file start_21.txt (compact mmCIF, N, CA, C and O atoms)
# COMPACT_ATOMS: atom_id res chain seq x y z
N MET A 1 -30.79 -10.63 -22.83
CA MET A 1 -30.96 -10.55 -21.39
C MET A 1 -29.99 -9.54 -20.80
O MET A 1 -30.37 -8.80 -19.90
N GLN A 2 -28.76 -9.57 -21.29
CA GLN A 2 -27.76 -8.66 -20.74
C GLN A 2 -28.15 -7.21 -20.97
O GLN A 2 -28.04 -6.40 -20.07
N SER A 3 -28.64 -6.89 -22.18
CA SER A 3 -29.03 -5.51 -22.44
C SER A 3 -30.24 -5.11 -21.60
O SER A 3 -30.34 -3.97 -21.15
N THR A 4 -31.14 -6.04 -21.35
CA THR A 4 -32.28 -5.76 -20.48
C THR A 4 -31.80 -5.41 -19.08
O THR A 4 -32.30 -4.49 -18.45
N LYS A 5 -30.81 -6.16 -18.59
CA LYS A 5 -30.29 -5.91 -17.24
C LYS A 5 -29.66 -4.53 -17.13
O LYS A 5 -29.73 -3.90 -16.08
N THR A 6 -29.03 -4.05 -18.20
CA THR A 6 -28.33 -2.78 -18.12
C THR A 6 -29.17 -1.59 -18.58
O THR A 6 -28.96 -0.48 -18.13
N GLU A 7 -30.14 -1.82 -19.49
CA GLU A 7 -30.88 -0.71 -20.07
C GLU A 7 -32.20 -0.40 -19.39
O GLU A 7 -32.71 0.71 -19.51
N ILE A 8 -32.78 -1.36 -18.69
CA ILE A 8 -34.08 -1.13 -18.03
C ILE A 8 -33.83 -0.83 -16.56
O ILE A 8 -33.30 -1.65 -15.83
N ASN A 9 -34.26 0.35 -16.12
CA ASN A 9 -34.02 0.78 -14.74
C ASN A 9 -35.09 0.34 -13.77
O ASN A 9 -34.84 0.15 -12.60
N ASN A 10 -36.31 0.19 -14.24
CA ASN A 10 -37.43 -0.21 -13.38
C ASN A 10 -37.30 -1.69 -13.04
O ASN A 10 -37.34 -2.55 -13.93
N ASP A 11 -37.14 -2.01 -11.75
CA ASP A 11 -36.90 -3.39 -11.33
C ASP A 11 -38.00 -4.35 -11.75
O ASP A 11 -37.73 -5.43 -12.27
N SER A 12 -39.26 -3.97 -11.53
CA SER A 12 -40.36 -4.89 -11.86
C SER A 12 -40.48 -5.07 -13.37
O SER A 12 -40.75 -6.17 -13.85
N GLU A 13 -40.26 -4.02 -14.13
CA GLU A 13 -40.30 -4.12 -15.59
C GLU A 13 -39.15 -5.00 -16.09
O GLU A 13 -39.35 -5.86 -16.96
N ARG A 14 -37.97 -4.82 -15.53
CA ARG A 14 -36.80 -5.61 -15.91
C ARG A 14 -37.04 -7.09 -15.61
O ARG A 14 -36.80 -7.96 -16.45
N GLU A 15 -37.56 -7.39 -14.43
CA GLU A 15 -37.85 -8.78 -14.06
C GLU A 15 -38.89 -9.40 -14.98
O GLU A 15 -38.78 -10.55 -15.37
N GLY A 16 -39.91 -8.60 -15.33
CA GLY A 16 -40.95 -9.09 -16.23
C GLY A 16 -40.39 -9.43 -17.60
O GLY A 16 -40.74 -10.47 -18.18
N ILE A 17 -39.53 -8.58 -18.13
CA ILE A 17 -38.92 -8.83 -19.44
C ILE A 17 -38.03 -10.05 -19.38
O ILE A 17 -38.07 -10.91 -20.27
N ILE A 18 -37.23 -10.17 -18.34
CA ILE A 18 -36.33 -11.32 -18.20
C ILE A 18 -37.14 -12.61 -18.06
O ILE A 18 -36.81 -13.62 -18.68
N ASP A 19 -38.21 -12.58 -17.27
CA ASP A 19 -39.07 -13.76 -17.14
C ASP A 19 -39.67 -14.16 -18.49
O ASP A 19 -39.73 -15.34 -18.83
N LEU A 20 -40.10 -13.17 -19.26
CA LEU A 20 -40.65 -13.44 -20.59
C LEU A 20 -39.60 -14.05 -21.50
O LEU A 20 -39.85 -15.04 -22.20
N LEU A 21 -38.40 -13.49 -21.50
CA LEU A 21 -37.31 -14.03 -22.31
C LEU A 21 -36.99 -15.47 -21.92
O LEU A 21 -36.78 -16.33 -22.78
N GLU A 22 -36.94 -15.73 -20.62
CA GLU A 22 -36.67 -17.09 -20.15
C GLU A 22 -37.74 -18.05 -20.65
O GLU A 22 -37.43 -19.14 -21.13
N THR A 23 -38.99 -17.64 -20.55
CA THR A 23 -40.09 -18.50 -20.99
C THR A 23 -39.99 -18.80 -22.47
O THR A 23 -40.13 -19.95 -22.90
N VAL A 24 -39.73 -17.76 -23.27
CA VAL A 24 -39.62 -17.96 -24.71
C VAL A 24 -38.43 -18.85 -25.05
O VAL A 24 -38.55 -19.80 -25.84
N LEU A 25 -37.29 -18.57 -24.44
CA LEU A 25 -36.09 -19.38 -24.71
C LEU A 25 -36.31 -20.83 -24.33
O LEU A 25 -36.01 -21.74 -25.11
N LEU A 26 -36.82 -21.06 -23.14
CA LEU A 26 -36.98 -22.44 -22.68
C LEU A 26 -38.08 -23.17 -23.44
O LEU A 26 -37.97 -24.38 -23.66
N SER A 27 -39.11 -22.45 -23.88
CA SER A 27 -40.15 -23.13 -24.66
C SER A 27 -39.63 -23.52 -26.04
O SER A 27 -40.07 -24.51 -26.61
N ASN A 28 -38.68 -22.77 -26.56
CA ASN A 28 -38.10 -23.11 -27.86
C ASN A 28 -37.04 -24.20 -27.76
O ASN A 28 -36.71 -24.82 -28.76
N PHE A 29 -36.50 -24.40 -26.58
CA PHE A 29 -35.44 -25.39 -26.40
C PHE A 29 -35.86 -26.49 -25.43
O PHE A 29 -35.03 -27.09 -24.77
N TYR A 30 -37.15 -26.77 -25.35
CA TYR A 30 -37.66 -27.76 -24.39
C TYR A 30 -37.09 -29.15 -24.61
O TYR A 30 -36.99 -29.93 -23.67
N GLN A 31 -36.69 -29.46 -25.81
CA GLN A 31 -36.17 -30.80 -26.09
C GLN A 31 -34.70 -30.95 -25.66
O GLN A 31 -34.19 -32.06 -25.63
N LEU A 32 -34.05 -29.86 -25.30
CA LEU A 32 -32.66 -29.92 -24.89
C LEU A 32 -32.54 -30.10 -23.38
O LEU A 32 -33.39 -29.66 -22.62
N SER A 33 -31.46 -30.72 -22.97
CA SER A 33 -31.19 -30.85 -21.54
C SER A 33 -30.66 -29.52 -21.01
O SER A 33 -30.29 -28.63 -21.78
N ARG A 34 -30.61 -29.41 -19.70
CA ARG A 34 -30.07 -28.18 -19.10
C ARG A 34 -28.62 -27.96 -19.51
O ARG A 34 -28.21 -26.85 -19.80
N LYS A 35 -27.85 -29.04 -19.60
CA LYS A 35 -26.44 -28.90 -20.01
C LYS A 35 -26.32 -28.39 -21.44
O LYS A 35 -25.45 -27.58 -21.74
N GLU A 36 -27.20 -28.85 -22.31
CA GLU A 36 -27.17 -28.37 -23.69
C GLU A 36 -27.55 -26.90 -23.78
O GLU A 36 -26.94 -26.13 -24.52
N ILE A 37 -28.54 -26.50 -22.98
CA ILE A 37 -28.94 -25.09 -22.96
C ILE A 37 -27.81 -24.24 -22.40
O ILE A 37 -27.52 -23.16 -22.91
N GLU A 38 -27.15 -24.72 -21.35
CA GLU A 38 -26.02 -23.98 -20.78
C GLU A 38 -24.91 -23.82 -21.80
O GLU A 38 -24.23 -22.79 -21.83
N ALA A 39 -24.71 -24.83 -22.65
CA ALA A 39 -23.66 -24.75 -23.67
C ALA A 39 -23.99 -23.68 -24.72
O ALA A 39 -23.10 -23.03 -25.25
N ILE A 40 -25.28 -23.48 -24.99
CA ILE A 40 -25.69 -22.48 -25.98
C ILE A 40 -25.58 -21.07 -25.42
O ILE A 40 -25.11 -20.16 -26.08
N PHE A 41 -26.03 -20.89 -24.18
CA PHE A 41 -26.03 -19.57 -23.56
C PHE A 41 -24.92 -19.50 -22.52
O PHE A 41 -24.33 -20.49 -22.17
N LEU A 42 -24.69 -18.30 -22.06
CA LEU A 42 -23.69 -18.14 -21.00
C LEU A 42 -24.17 -18.82 -19.74
O LEU A 42 -25.29 -18.58 -19.28
N VAL A 43 -23.35 -19.67 -19.16
CA VAL A 43 -23.74 -20.40 -17.96
C VAL A 43 -24.11 -19.45 -16.84
O VAL A 43 -25.07 -19.67 -16.13
N SER A 44 -23.38 -18.37 -16.69
CA SER A 44 -23.68 -17.42 -15.62
C SER A 44 -25.06 -16.82 -15.79
O SER A 44 -25.78 -16.60 -14.81
N ASP A 45 -25.49 -16.56 -17.03
CA ASP A 45 -26.83 -16.04 -17.27
C ASP A 45 -27.89 -17.07 -16.93
O ASP A 45 -28.91 -16.75 -16.34
N ILE A 46 -27.65 -18.33 -17.32
CA ILE A 46 -28.62 -19.39 -17.04
C ILE A 46 -28.78 -19.55 -15.53
O ILE A 46 -29.89 -19.71 -15.03
N LYS A 47 -27.69 -19.52 -14.79
CA LYS A 47 -27.75 -19.73 -13.34
C LYS A 47 -28.49 -18.60 -12.63
O LYS A 47 -28.96 -18.79 -11.51
N GLN A 48 -28.61 -17.46 -13.25
CA GLN A 48 -29.32 -16.33 -12.65
C GLN A 48 -30.83 -16.41 -12.87
O GLN A 48 -31.59 -15.71 -12.21
N THR A 49 -31.26 -17.28 -13.79
CA THR A 49 -32.68 -17.31 -14.12
C THR A 49 -33.49 -17.96 -13.01
O THR A 49 -33.03 -18.84 -12.29
N LYS A 50 -34.73 -17.55 -12.93
CA LYS A 50 -35.65 -18.09 -11.93
C LYS A 50 -35.89 -19.58 -12.18
O LYS A 50 -35.93 -20.38 -11.25
N VAL A 51 -36.00 -19.94 -13.45
CA VAL A 51 -36.24 -21.34 -13.81
C VAL A 51 -35.09 -22.23 -13.34
O VAL A 51 -35.31 -23.29 -12.75
N TYR A 52 -33.86 -21.79 -13.56
CA TYR A 52 -32.69 -22.57 -13.14
C TYR A 52 -32.66 -22.70 -11.62
O TYR A 52 -32.42 -23.78 -11.09
N GLN A 53 -32.91 -21.60 -10.93
CA GLN A 53 -32.86 -21.63 -9.48
C GLN A 53 -33.94 -22.53 -8.90
O GLN A 53 -33.69 -23.26 -7.95
N GLU A 54 -35.13 -22.49 -9.49
CA GLU A 54 -36.19 -23.37 -9.02
C GLU A 54 -35.86 -24.83 -9.29
O GLU A 54 -36.11 -25.70 -8.46
N ALA A 55 -35.28 -25.11 -10.45
CA ALA A 55 -34.91 -26.49 -10.78
C ALA A 55 -33.81 -26.97 -9.85
O ALA A 55 -33.86 -28.11 -9.36
N THR A 56 -32.85 -26.12 -9.56
CA THR A 56 -31.77 -26.49 -8.65
C THR A 56 -32.32 -26.75 -7.26
O THR A 56 -31.94 -27.71 -6.60
N GLN A 57 -33.23 -25.89 -6.81
CA GLN A 57 -33.87 -26.07 -5.50
C GLN A 57 -34.59 -27.41 -5.45
O GLN A 57 -34.44 -28.16 -4.49
N GLU A 58 -35.35 -27.71 -6.49
CA GLU A 58 -36.12 -28.95 -6.52
C GLU A 58 -35.20 -30.17 -6.53
O GLU A 58 -35.44 -31.14 -5.82
N GLU A 59 -34.14 -30.11 -7.32
CA GLU A 59 -33.20 -31.23 -7.38
C GLU A 59 -32.51 -31.46 -6.03
O GLU A 59 -32.36 -32.60 -5.59
N ALA A 60 -32.08 -30.37 -5.40
CA ALA A 60 -31.41 -30.49 -4.10
C ALA A 60 -32.36 -31.05 -3.05
O ALA A 60 -31.98 -31.91 -2.24
N THR A 61 -33.60 -30.57 -3.06
CA THR A 61 -34.60 -31.06 -2.11
C THR A 61 -34.86 -32.55 -2.33
O THR A 61 -34.86 -33.34 -1.38
N ASN A 62 -35.08 -32.93 -3.58
CA ASN A 62 -35.35 -34.34 -3.89
C ASN A 62 -34.19 -35.25 -3.50
O ASN A 62 -34.39 -36.35 -2.99
N LEU A 63 -32.97 -34.78 -3.74
CA LEU A 63 -31.80 -35.56 -3.37
C LEU A 63 -31.75 -35.79 -1.87
O LEU A 63 -31.55 -36.92 -1.41
N LEU A 64 -31.97 -34.75 -1.10
CA LEU A 64 -31.94 -34.88 0.35
C LEU A 64 -33.07 -35.77 0.85
O LEU A 64 -32.86 -36.62 1.72
N LEU A 65 -34.26 -35.61 0.29
CA LEU A 65 -35.40 -36.44 0.68
C LEU A 65 -35.16 -37.91 0.33
O LEU A 65 -35.70 -38.81 0.98
N HIS A 66 -34.34 -38.16 -0.65
CA HIS A 66 -34.02 -39.53 -1.05
C HIS A 66 -32.89 -40.13 -0.19
O HIS A 66 -32.95 -41.30 0.20
N LEU A 67 -31.89 -39.31 0.11
CA LEU A 67 -30.71 -39.82 0.83
C LEU A 67 -30.94 -40.04 2.32
O LEU A 67 -30.46 -41.02 2.88
N VAL A 68 -31.63 -39.12 2.96
CA VAL A 68 -31.79 -39.20 4.41
C VAL A 68 -32.45 -40.51 4.85
O VAL A 68 -31.93 -41.20 5.74
N PRO A 69 -33.58 -40.91 4.26
CA PRO A 69 -34.19 -42.17 4.70
C PRO A 69 -33.31 -43.39 4.43
O PRO A 69 -33.33 -44.35 5.20
N LYS A 70 -32.51 -43.35 3.38
CA LYS A 70 -31.63 -44.49 3.08
C LYS A 70 -30.49 -44.60 4.09
O LYS A 70 -30.08 -45.69 4.44
N LYS A 71 -29.97 -43.47 4.53
CA LYS A 71 -28.81 -43.49 5.42
C LYS A 71 -29.16 -43.37 6.89
O LYS A 71 -28.43 -43.85 7.73
N TYR A 72 -30.26 -42.69 7.20
CA TYR A 72 -30.52 -42.38 8.60
C TYR A 72 -31.88 -42.90 9.08
O TYR A 72 -31.96 -43.99 9.60
N VAL A 73 -32.91 -42.09 8.91
CA VAL A 73 -34.24 -42.46 9.43
C VAL A 73 -35.31 -42.12 8.41
O VAL A 73 -35.10 -41.30 7.52
N LYS A 74 -36.47 -42.73 8.58
CA LYS A 74 -37.61 -42.38 7.75
C LYS A 74 -38.04 -40.96 8.12
O LYS A 74 -38.09 -40.60 9.30
N LEU A 75 -38.36 -40.17 7.12
CA LEU A 75 -38.74 -38.78 7.37
C LEU A 75 -40.23 -38.66 7.64
O LEU A 75 -41.05 -39.22 6.91
N THR A 76 -40.56 -37.92 8.67
CA THR A 76 -41.96 -37.63 8.96
C THR A 76 -42.41 -36.45 8.09
O THR A 76 -41.58 -35.76 7.49
N ASP A 77 -43.70 -36.23 8.04
CA ASP A 77 -44.23 -35.13 7.24
C ASP A 77 -43.67 -33.78 7.69
O ASP A 77 -43.38 -32.91 6.87
N SER A 78 -43.48 -33.61 8.99
CA SER A 78 -42.96 -32.32 9.47
C SER A 78 -41.52 -32.10 9.01
O SER A 78 -41.14 -30.99 8.67
N TYR A 79 -40.71 -33.17 8.99
CA TYR A 79 -39.34 -33.05 8.48
C TYR A 79 -39.35 -32.72 6.99
O TYR A 79 -38.56 -31.90 6.52
N ILE A 80 -40.24 -33.35 6.25
CA ILE A 80 -40.32 -33.11 4.81
C ILE A 80 -40.71 -31.65 4.54
O ILE A 80 -40.11 -30.98 3.69
N LYS A 81 -41.66 -31.13 5.30
CA LYS A 81 -42.07 -29.73 5.15
C LYS A 81 -40.90 -28.79 5.47
O LYS A 81 -40.69 -27.79 4.80
N THR A 82 -40.15 -29.13 6.50
CA THR A 82 -38.99 -28.31 6.88
C THR A 82 -37.93 -28.34 5.79
O THR A 82 -37.38 -27.30 5.43
N ILE A 83 -37.65 -29.52 5.26
CA ILE A 83 -36.64 -29.64 4.20
C ILE A 83 -37.07 -28.84 2.97
O ILE A 83 -36.23 -28.20 2.32
N ASN A 84 -38.36 -28.85 2.65
CA ASN A 84 -38.84 -28.09 1.50
C ASN A 84 -38.66 -26.59 1.65
O ASN A 84 -38.68 -25.87 0.66
N LYS A 85 -38.47 -26.11 2.86
CA LYS A 85 -38.29 -24.68 3.11
C LYS A 85 -36.82 -24.25 3.17
O LYS A 85 -36.53 -23.07 3.22
N ILE A 86 -35.90 -25.21 3.18
CA ILE A 86 -34.48 -24.90 3.31
C ILE A 86 -33.96 -24.30 2.00
O ILE A 86 -34.22 -24.84 0.93
N PRO A 87 -33.22 -23.19 2.07
CA PRO A 87 -32.64 -22.60 0.85
C PRO A 87 -31.67 -23.56 0.17
O PRO A 87 -31.04 -24.40 0.84
N VAL A 88 -31.54 -23.44 -1.14
CA VAL A 88 -30.73 -24.37 -1.93
C VAL A 88 -29.28 -24.42 -1.44
O VAL A 88 -28.66 -25.48 -1.44
N GLU A 89 -28.74 -23.31 -1.01
CA GLU A 89 -27.34 -23.29 -0.54
C GLU A 89 -27.16 -24.22 0.64
O GLU A 89 -26.17 -24.96 0.73
N LYS A 90 -28.10 -24.18 1.57
CA LYS A 90 -28.02 -25.06 2.75
C LYS A 90 -28.27 -26.51 2.36
O LYS A 90 -27.64 -27.41 2.92
N LEU A 91 -29.19 -26.74 1.41
CA LEU A 91 -29.44 -28.11 0.96
C LEU A 91 -28.19 -28.71 0.34
O LEU A 91 -27.88 -29.89 0.56
N GLU A 92 -27.47 -27.91 -0.43
CA GLU A 92 -26.24 -28.40 -1.04
C GLU A 92 -25.20 -28.74 0.02
O GLU A 92 -24.50 -29.75 -0.08
N GLU A 93 -25.12 -27.93 1.07
CA GLU A 93 -24.20 -28.23 2.16
C GLU A 93 -24.59 -29.55 2.85
O GLU A 93 -23.75 -30.37 3.16
N LEU A 94 -25.89 -29.70 3.11
CA LEU A 94 -26.37 -30.92 3.76
C LEU A 94 -26.13 -32.16 2.91
O LEU A 94 -25.79 -33.22 3.41
N GLY A 95 -26.32 -32.00 1.59
CA GLY A 95 -26.10 -33.12 0.68
C GLY A 95 -24.68 -33.59 0.71
O GLY A 95 -24.36 -34.77 0.72
call {"tool": "encode", "arguments": {"input": "start_21.txt", "output": "structure tokens"}}
result
Amino acid sequence: MQSTKTEINNDSEREGIIDLLETVLLSNFYQLSRKEIEAIFLVSDIKQTKVYQEATQEEATNLLLHLVPKKYVKLTDSYIKTINKIPVEKLEELG
């Protein structure tokens, strides 16, 4: 992945190669947890992947959707839609 980032100048081609590498790596390590995969690869590289970012976004969203009704109020559909659109950084702050 690192050599792809430095050797491929075309952004769309580089992203395509990195996405392919992520897919191959994760399909070969599907039985491992995220922590185990992070231990095998550089954590900074894993955190840059689209798969990791999507998983983090989903986890943060689910956590907030779970905590708010328990502590505050039942969430309406419009609140749930809004929460689903919040970037992960803001969700982490809210959590």
call {"tool": "closest_residue", "arguments": {"input": "start_21.txt", "among": "A:Ala39, A:Leu21, A:Ile8, A:Ile83", "to": "Val68 of chain A", "atoms": "only C-alpha atoms"}}
result
A:Ile83
call {"tool": "atom_distance", "arguments": {"input": "start_21.txt", "atom1": "atom N of Val88 of chain A", "atom2": "atom O of Glu54 of chain A"}}
result
8.9 Å
call {"tool": "atom_distance", "arguments": {"input": "start_21.txt", "atom1": "atom CA of Glu93 of chain A", "atom2": "atom CA of Asp19 of chain A"}}
result
28.3 Å
call {"tool": "residues_around", "arguments": {"input": "start_21.txt", "residues": "Tyr79 of chain A", "least_positions_apart": "4", "cutoff": "12 Å", "atoms": "only C-alpha atoms", "output": "PyMOL selection string"}}
result
chain A and resi 61+64-65+68-69+73-75+83-86
call {"tool": "atom_distance", "arguments": {"input": "start_21.txt", "atom1": "atom O of Thr23 of chain A", "atom2": "atom O of Asp11 of chain A"}}
result
18.2 Å
call {"tool": "closest_residue", "arguments": {"input": "start_21.txt", "among": "A:Asp77, A:Ser27, A:Glu59, A:Lys70", "to": "Glu92 of chain A", "atoms": "only C-alpha atoms"}}
result
A:Glu59
call {"tool": "axis_aligned_box", "arguments": {"input": "start_21.txt", "around": "segment 68-80 of chain A", "padding_each_side": "5 Å", "output": "lines of an AutoDock Vina configuration file"}}
result
center_x = -36.3
center_y = -38.3
center_z = 6.3
size_x = 25.8
size_y = 24.7
size_z = 16.6
